[in-house]
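Source file: final_10.cif (mmCIF, C-alpha atoms)
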data_model
#
loop_
_atom_site.group_PDB
_atom_site.id
_atom_site.type_symbol
_atom_site.label_atom_id
_atom_site.label_comp_id
_atom_site.auth_asym_id
_atom_site.auth_seq_id
_atom_site.Cartn_x
_atom_site.Cartn_y
_atom_site.Cartn_z
ATOM 1 C CA MET A 1 94.706 103.098 110.940
ATOM 2 C CA SER A 2 93.839 106.769 110.647
ATOM 3 C CA SER A 3 90.647 107.910 108.934
ATOM 4 C CA GLU A 4 92.404 111.189 108.076
ATOM 5 C CA PRO A 5 95.137 111.858 105.510
ATOM 6 C CA ILE A 6 98.687 111.525 106.827
ATOM 7 C CA GLU A 7 101.223 114.133 105.773
ATOM 8 C CA LEU A 8 104.577 112.335 105.555
ATOM 9 C CA ALA A 9 106.678 115.414 106.379
ATOM 10 C CA ALA A 10 104.633 115.919 109.552
ATOM 11 C CA ALA A 11 105.008 112.232 110.436
ATOM 12 C CA LEU A 12 108.792 112.469 110.027
ATOM 13 C CA ALA A 13 108.883 115.631 112.169
ATOM 14 C CA ARG A 14 107.434 113.668 115.110
ATOM 15 C CA PHE A 15 110.661 111.759 115.841
ATOM 16 C CA GLU A 16 114.445 112.129 115.618
ATOM 17 C CA GLN A 17 115.815 108.588 116.034
ATOM 18 C CA LEU A 18 117.778 107.224 113.100
ATOM 19 C CA TRP A 19 117.218 103.735 111.684
ATOM 20 C CA SER A 20 114.061 103.428 113.815
ATOM 21 C CA PRO A 21 111.064 103.051 111.467
ATOM 22 C CA ARG A 22 107.637 104.402 112.371
ATOM 23 C CA ILE A 23 104.449 102.757 111.143
ATOM 24 C CA VAL A 24 102.387 105.429 109.400
ATOM 25 C CA THR A 25 99.508 103.161 108.386
ATOM 26 C CA THR A 26 98.722 99.630 107.270
ATOM 27 C CA VAL A 27 97.395 98.246 104.002
ATOM 28 C CA ASN A 28 95.923 94.763 104.345
ATOM 29 C CA ASP A 29 98.716 92.900 106.162
ATOM 30 C CA TYR A 30 101.463 95.367 105.214
ATOM 31 C CA ASP A 31 103.029 98.247 107.144
ATOM 32 C CA VAL A 32 103.809 101.567 105.519
ATOM 33 C CA ARG A 33 106.822 102.800 107.486
ATOM 34 C CA VAL A 34 108.895 105.960 107.409
ATOM 35 C CA ALA A 35 112.402 106.344 108.779
ATOM 36 C CA LYS A 36 115.176 108.865 109.073
ATOM 37 C CA VAL A 37 118.523 107.342 108.179
ATOM 38 C CA ALA A 38 122.160 108.410 108.229
ATOM 39 C CA GLY A 39 125.396 106.458 108.122
ATOM 40 C CA GLU A 40 125.252 102.695 107.661
ATOM 41 C CA HIS A 41 122.629 100.153 108.648
ATOM 42 C CA VAL A 42 123.622 96.498 109.049
ATOM 43 C CA TRP A 43 124.128 93.742 106.478
ATOM 44 C CA HIS A 44 120.953 91.660 106.619
ATOM 45 C CA THR A 45 118.616 89.381 104.688
ATOM 46 C CA HIS A 46 114.851 88.998 104.620
ATOM 47 C CA ASP A 47 114.284 85.323 103.788
ATOM 48 C CA HIS A 48 110.541 85.492 103.082
ATOM 49 C CA THR A 49 109.765 88.975 101.791
ATOM 50 C CA ASP A 50 110.954 91.610 99.353
ATOM 51 C CA GLU A 51 111.752 95.044 100.789
ATOM 52 C CA PHE A 52 110.400 98.195 99.075
ATOM 53 C CA PHE A 53 112.189 101.547 99.480
ATOM 54 C CA LEU A 54 111.033 105.013 98.372
ATOM 55 C CA VAL A 55 113.382 107.930 99.025
ATOM 56 C CA LEU A 56 111.432 110.936 100.298
ATOM 57 C CA ASP A 57 114.434 113.200 100.867
ATOM 58 C CA GLY A 58 118.181 112.893 100.432
ATOM 59 C CA GLU A 59 119.928 109.935 98.836
ATOM 60 C CA LEU A 60 119.904 106.275 99.871
ATOM 61 C CA ARG A 61 122.536 103.758 98.849
ATOM 62 C CA ILE A 62 121.911 100.032 99.068
ATOM 63 C CA ALA A 63 124.870 97.665 98.918
ATOM 64 C CA LEU A 64 123.852 94.228 97.629
ATOM 65 C CA ARG A 65 125.506 90.827 97.744
ATOM 66 C CA ASP A 66 123.475 89.112 95.080
ATOM 67 C CA GLY A 67 125.885 87.484 92.671
ATOM 68 C CA ALA A 68 126.528 83.741 92.539
ATOM 69 C CA ASP A 69 130.157 84.526 93.340
ATOM 70 C CA GLY A 70 129.207 86.609 96.380
ATOM 71 C CA GLY A 71 130.063 89.775 94.497
ATOM 72 C CA GLN A 72 128.918 93.110 95.790
ATOM 73 C CA ARG A 73 127.299 96.030 93.978
ATOM 74 C CA GLU A 74 125.557 99.232 95.034
ATOM 75 C CA VAL A 75 122.377 100.924 93.848
ATOM 76 C CA VAL A 76 121.974 104.650 94.418
ATOM 77 C CA LEU A 77 118.485 106.052 94.966
ATOM 78 C CA PRO A 78 118.032 109.814 94.694
ATOM 79 C CA ARG A 79 114.969 111.597 96.057
ATOM 80 C CA GLY A 80 111.808 110.191 94.489
ATOM 81 C CA ALA A 81 113.397 106.877 93.445
ATOM 82 C CA VAL A 82 112.046 103.449 94.380
ATOM 83 C CA TYR A 83 113.845 100.123 94.616
ATOM 84 C CA VAL A 84 112.874 96.631 95.720
ATOM 85 C CA VAL A 85 115.445 94.347 97.330
ATOM 86 C CA PRO A 86 114.338 90.807 96.446
ATOM 87 C CA ARG A 87 113.805 88.328 99.259
ATOM 88 C CA GLY A 88 116.926 86.395 100.154
ATOM 89 C CA VAL A 89 119.354 89.084 98.946
ATOM 90 C CA GLU A 90 121.834 90.278 101.557
ATOM 91 C CA HIS A 91 121.873 94.072 101.651
ATOM 92 C CA ARG A 92 123.012 97.087 103.670
ATOM 93 C CA PRO A 93 121.305 100.464 103.286
ATOM 94 C CA SER A 94 123.320 103.595 103.959
ATOM 95 C CA ALA A 95 122.940 107.345 103.642
ATOM 96 C CA PRO A 96 126.243 109.212 104.050
ATOM 97 C CA ASP A 97 124.480 112.599 104.086
ATOM 98 C CA GLY A 98 121.197 111.444 105.640
ATOM 99 C CA ALA A 99 117.846 110.656 104.060
ATOM 100 C CA SER A 100 114.180 110.083 104.791
ATOM 101 C CA ILE A 101 112.642 106.923 103.382
ATOM 102 C CA LEU A 102 109.325 105.095 103.115
ATOM 103 C CA MET A 103 109.215 101.294 103.279
ATOM 104 C CA PHE A 104 106.391 98.912 102.491
ATOM 105 C CA GLU A 105 106.628 95.412 103.980
ATOM 106 C CA PRO A 106 104.554 92.726 105.739
ATOM 107 C CA SER A 107 103.511 93.664 109.285
ATOM 108 C CA GLY A 108 105.895 92.183 111.814
ATOM 109 C CA THR A 109 108.945 92.284 109.512
ATOM 110 C CA SER A 110 112.123 92.984 111.473
ATOM 111 C CA SER A 111 114.179 96.005 110.482
ATOM 112 C CA VAL A 112 117.297 93.812 110.670
ATOM 113 C CA GLY A 113 115.857 90.898 108.717
ATOM 114 C CA ASP A 114 115.927 87.207 109.474
ATOM 115 C CA ARG A 115 119.709 86.952 109.318
ATOM 116 C CA HIS A 116 122.129 89.782 110.098
ATOM 117 C CA GLU A 117 125.525 90.708 111.397
ATOM 118 C CA GLU A 118 125.891 92.120 114.913
ATOM 119 C CA VAL A 119 123.506 95.049 115.340
ATOM 120 C CA PRO A 120 125.303 98.282 116.301
ATOM 121 C CA GLY A 121 123.841 100.626 118.908
ATOM 122 C CA HIS A 122 122.681 103.212 116.351
ATOM 123 C CA VAL A 123 120.346 100.700 114.625
ATOM 124 C CA ASP A 124 116.963 99.927 116.193
ATOM 125 C CA ALA A 125 116.143 96.217 115.741
ATOM 126 C CA THR A 126 112.358 96.541 115.622
ATOM 127 C CA THR A 127 109.207 95.545 113.788
ATOM 128 C CA GLY A 128 108.313 99.250 113.697
ATOM 129 C CA HIS A 129 106.963 101.759 116.190
ATOM 130 C CA ARG A 130 103.537 103.368 115.908
ATOM 131 C CA LEU A 131 103.618 107.093 115.277
#
Kindly present the structure from the file in structure tokens form.
Amino acid sequence: MSSEPIELAAALARFEQLWSPRIVTTVNDYDVRVAKVAGEHVWHTHDHTDEFFLVLDGELRIALRDGADGGQREVVLPRGAVYVVPRGVEHRPSAPDGASILMFEPSGTSSVGDRHEEVPGHVDATTGHRL
């Protein structure tokens, strides 16, 4: 953990990879991660934790399968918006025009959840990379 302030724009400028979160700092047992995203992620579920999203730039869309009938809906997060995907809800983030996001989740949480469809090559299945 850094003893100096961390400028998020500078942290994002340090890498180019999409869907490959970087750990900016930690708070107790939680990672604060930033990521650049574009296109679609993968349908996945976190069985034991909620997932917090804050859009720093661009627009993030999160498709959700959370109805008893397996129905699907989508939430749209413009810049500055936050959203929490509850644990156990299958979801797929996407950003057709690209976005930068901040996530807050327990250290060691996989970027593709506990259950997921096949992970495409453009998605980094990781527990986060240090800046």
For the PyMOL selection byres ((chain A and resi 47) around 10), applied here, can you spell out every residue it catches as a list in words? His44, Thr45, His46, His48, Thr49, Asp50, Pro86, Arg87, Gly88, Val89, Glu90, Gly113, Asp114 and Arg115 of chain A
Go through the shown structure with the PyMOL selection byres ((chain A and resi 19-23) around 7) and write out the matching residues as an MDAnalysis selection string. chainID A and resid 17:18 24:25 31:37 123:124 128:131
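Once A:Asp29 and its same-chain neighbours fewer than 4 positions away are set aside, A:Glu105, A:Pro106, A:Ser107 remain within 9 Å of it when counting only C-alpha atoms.
Going from atom CA of A:Pro78 over to atom CA of A:Asp57, you cover 7.9 Å.
This file gives the following result for the PyMOL selection byres ((chain A and resi 99) around 7): Lys36, Val37, Ala38, Asp57, Gly58, Glu59, Leu60, Ala95, Asp97, Gly98, Ser100 and Ile101 of chain A.
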Save the residues we just selected, C-alpha atoms, as a PDB file, in the coordinates of the input?
ATOM      1  CA  LYS A  36     115.176 108.865 109.073  1.00  0.00           C
ATOM      2  CA  VAL A  37     118.523 107.342 108.179  1.00  0.00           C
ATOM      3  CA  ALA A  38     122.160 108.410 108.229  1.00  0.00           C
ATOM      4  CA  ASP A  57     114.434 113.200 100.867  1.00  0.00           C
ATOM      5  CA  GLY A  58     118.181 112.893 100.432  1.00  0.00           C
ATOM      6  CA  GLU A  59     119.928 109.935  98.836  1.00  0.00           C
ATOM      7  CA  LEU A  60     119.904 106.275  99.871  1.00  0.00           C
ATOM      8  CA  ALA A  95     122.940 107.345 103.642  1.00  0.00           C
ATOM      9  CA  ASP A  97     124.480 112.599 104.086  1.00  0.00           C
ATOM     10  CA  GLY A  98     121.197 111.444 105.640  1.00  0.00           C
ATOM     11  CA  SER A 100     114.180 110.083 104.791  1.00  0.00           C
ATOM     12  CA  ILE A 101     112.642 106.923 103.382  1.00  0.00           C
TER      13      ILE A 101
END
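Checking A:Pro5, A:Pro93, A:Gly108, A:Gly70 one by one against A:Phe53, counting only C-alpha atoms, you find the shortest gap at A:Pro93.
Once A:Leu77 and its same-chain neighbours fewer than 3 positions away are set aside, A:Val55, A:Glu59, A:Leu60, A:Arg61, A:Gly80, A:Ala81, A:Val82, A:Tyr83 remain within 8 Å of it when counting only C-alpha atoms.
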One decimal, Å: what's the distance from atom CA of A:Leu8 over to atom CA of A:Tyr30, could you say? 17.3 Å
Report, in Å to a single decimal, how far apart atom CA of A:Leu54 and atom CA of A:Thr109 are. 17.0 Å
Choose the residue, out of A:Arg79, A:His41, A:Arg73, A:Arg14, that has the smallest atom-to-atom separation from A:His116; count all atoms listed in the file.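 So, comparing all the options, the nearest one is A:His41.
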Here is a test: counting all atoms listed in the file, which residue of A:Thr126, A:Gln72, A:Gly39, A:Leu64 is nearest to A:Ser94?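 Result for the nearest residue to A:Ser94: A:Gly39.
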With the input short on atoms, add N, CA and C atoms back to stretch 64-84 of chain A and write it as an mmCIF file, keeping the file's coordinate frame.
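See selection_12.cif below for the written result:
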data_model
loop_
_atom_site.group_PDB
_atom_site.id
_atom_site.type_symbol
_atom_site.label_atom_id
_atom_site.label_comp_id
_atom_site.auth_asym_id
_atom_site.auth_seq_id
_atom_site.Cartn_x
_atom_site.Cartn_y
_atom_site.Cartn_z
ATOM 1 N N LEU A 64 124.489 95.529 97.831
ATOM 2 C CA LEU A 64 123.852 94.228 97.629
ATOM 3 C C LEU A 64 124.912 93.155 97.425
ATOM 4 N N ARG A 65 124.695 92.013 98.018
ATOM 5 C CA ARG A 65 125.506 90.827 97.744
ATOM 6 C C ARG A 65 124.561 89.834 97.086
ATOM 7 N N ASP A 66 124.470 89.929 95.758
ATOM 8 C CA ASP A 66 123.475 89.112 95.080
ATOM 9 C C ASP A 66 124.016 88.285 93.924
ATOM 10 N N GLY A 67 125.314 88.291 93.735
ATOM 11 C CA GLY A 67 125.885 87.484 92.671
ATOM 12 C C GLY A 67 126.175 86.069 93.136
ATOM 13 N N ALA A 68 126.221 85.136 92.204
ATOM 14 C CA ALA A 68 126.528 83.741 92.539
ATOM 15 C C ALA A 68 127.914 83.623 93.158
ATOM 16 N N ASP A 69 128.799 84.552 92.806
ATOM 17 C CA ASP A 69 130.157 84.526 93.340
ATOM 18 C C ASP A 69 130.287 85.336 94.630
ATOM 19 N N GLY A 70 129.165 85.804 95.163
ATOM 20 C CA GLY A 70 129.207 86.609 96.380
ATOM 21 C C GLY A 70 129.633 88.030 96.128
ATOM 22 N N GLY A 71 129.651 88.425 94.853
ATOM 23 C CA GLY A 71 130.063 89.775 94.497
ATOM 24 C C GLY A 71 129.132 90.828 95.073
ATOM 25 N N GLN A 72 129.668 92.014 95.186
ATOM 26 C CA GLN A 72 128.918 93.110 95.790
ATOM 27 C C GLN A 72 128.734 94.220 94.768
ATOM 28 N N ARG A 73 127.559 94.854 94.805
ATOM 29 C CA ARG A 73 127.299 96.030 93.978
ATOM 30 C C ARG A 73 126.488 97.011 94.810
ATOM 31 N N GLU A 74 126.310 98.218 94.304
ATOM 32 C CA GLU A 74 125.557 99.232 95.034
ATOM 33 C C GLU A 74 124.581 99.921 94.094
ATOM 34 N N VAL A 75 123.345 100.107 94.573
ATOM 35 C CA VAL A 75 122.377 100.924 93.848
ATOM 36 C C VAL A 75 122.248 102.244 94.596
ATOM 37 N N VAL A 76 122.091 103.312 93.844
ATOM 38 C CA VAL A 76 121.974 104.650 94.418
ATOM 39 C C VAL A 76 120.585 105.172 94.087
ATOM 40 N N LEU A 77 119.855 105.567 95.126
ATOM 41 C CA LEU A 77 118.485 106.052 94.966
ATOM 42 C C LEU A 77 118.415 107.528 95.351
ATOM 43 N N PRO A 78 118.237 108.402 94.371
ATOM 44 C CA PRO A 78 118.032 109.814 94.694
ATOM 45 C C PRO A 78 116.606 110.035 95.177
ATOM 46 N N ARG A 79 116.323 111.232 95.614
ATOM 47 C CA ARG A 79 114.969 111.597 96.057
ATOM 48 C C ARG A 79 113.952 111.233 94.973
ATOM 49 N N GLY A 80 112.867 110.574 95.401
ATOM 50 C CA GLY A 80 111.808 110.191 94.489
ATOM 51 C C GLY A 80 111.986 108.827 93.852
ATOM 52 N N ALA A 81 113.143 108.183 94.050
ATOM 53 C CA ALA A 81 113.397 106.877 93.445
ATOM 54 C C ALA A 81 112.864 105.751 94.327
ATOM 55 N N VAL A 82 112.477 104.651 93.680
ATOM 56 C CA VAL A 82 112.046 103.449 94.380
ATOM 57 C C VAL A 82 112.956 102.295 93.979
ATOM 58 N N TYR A 83 113.063 101.330 94.891
ATOM 59 C CA TYR A 83 113.845 100.123 94.616
ATOM 60 C C TYR A 83 113.309 99.004 95.499
ATOM 61 N N VAL A 84 113.292 97.796 94.958
ATOM 62 C CA VAL A 84 112.874 96.631 95.720
ATOM 63 C C VAL A 84 114.051 95.678 95.835
#
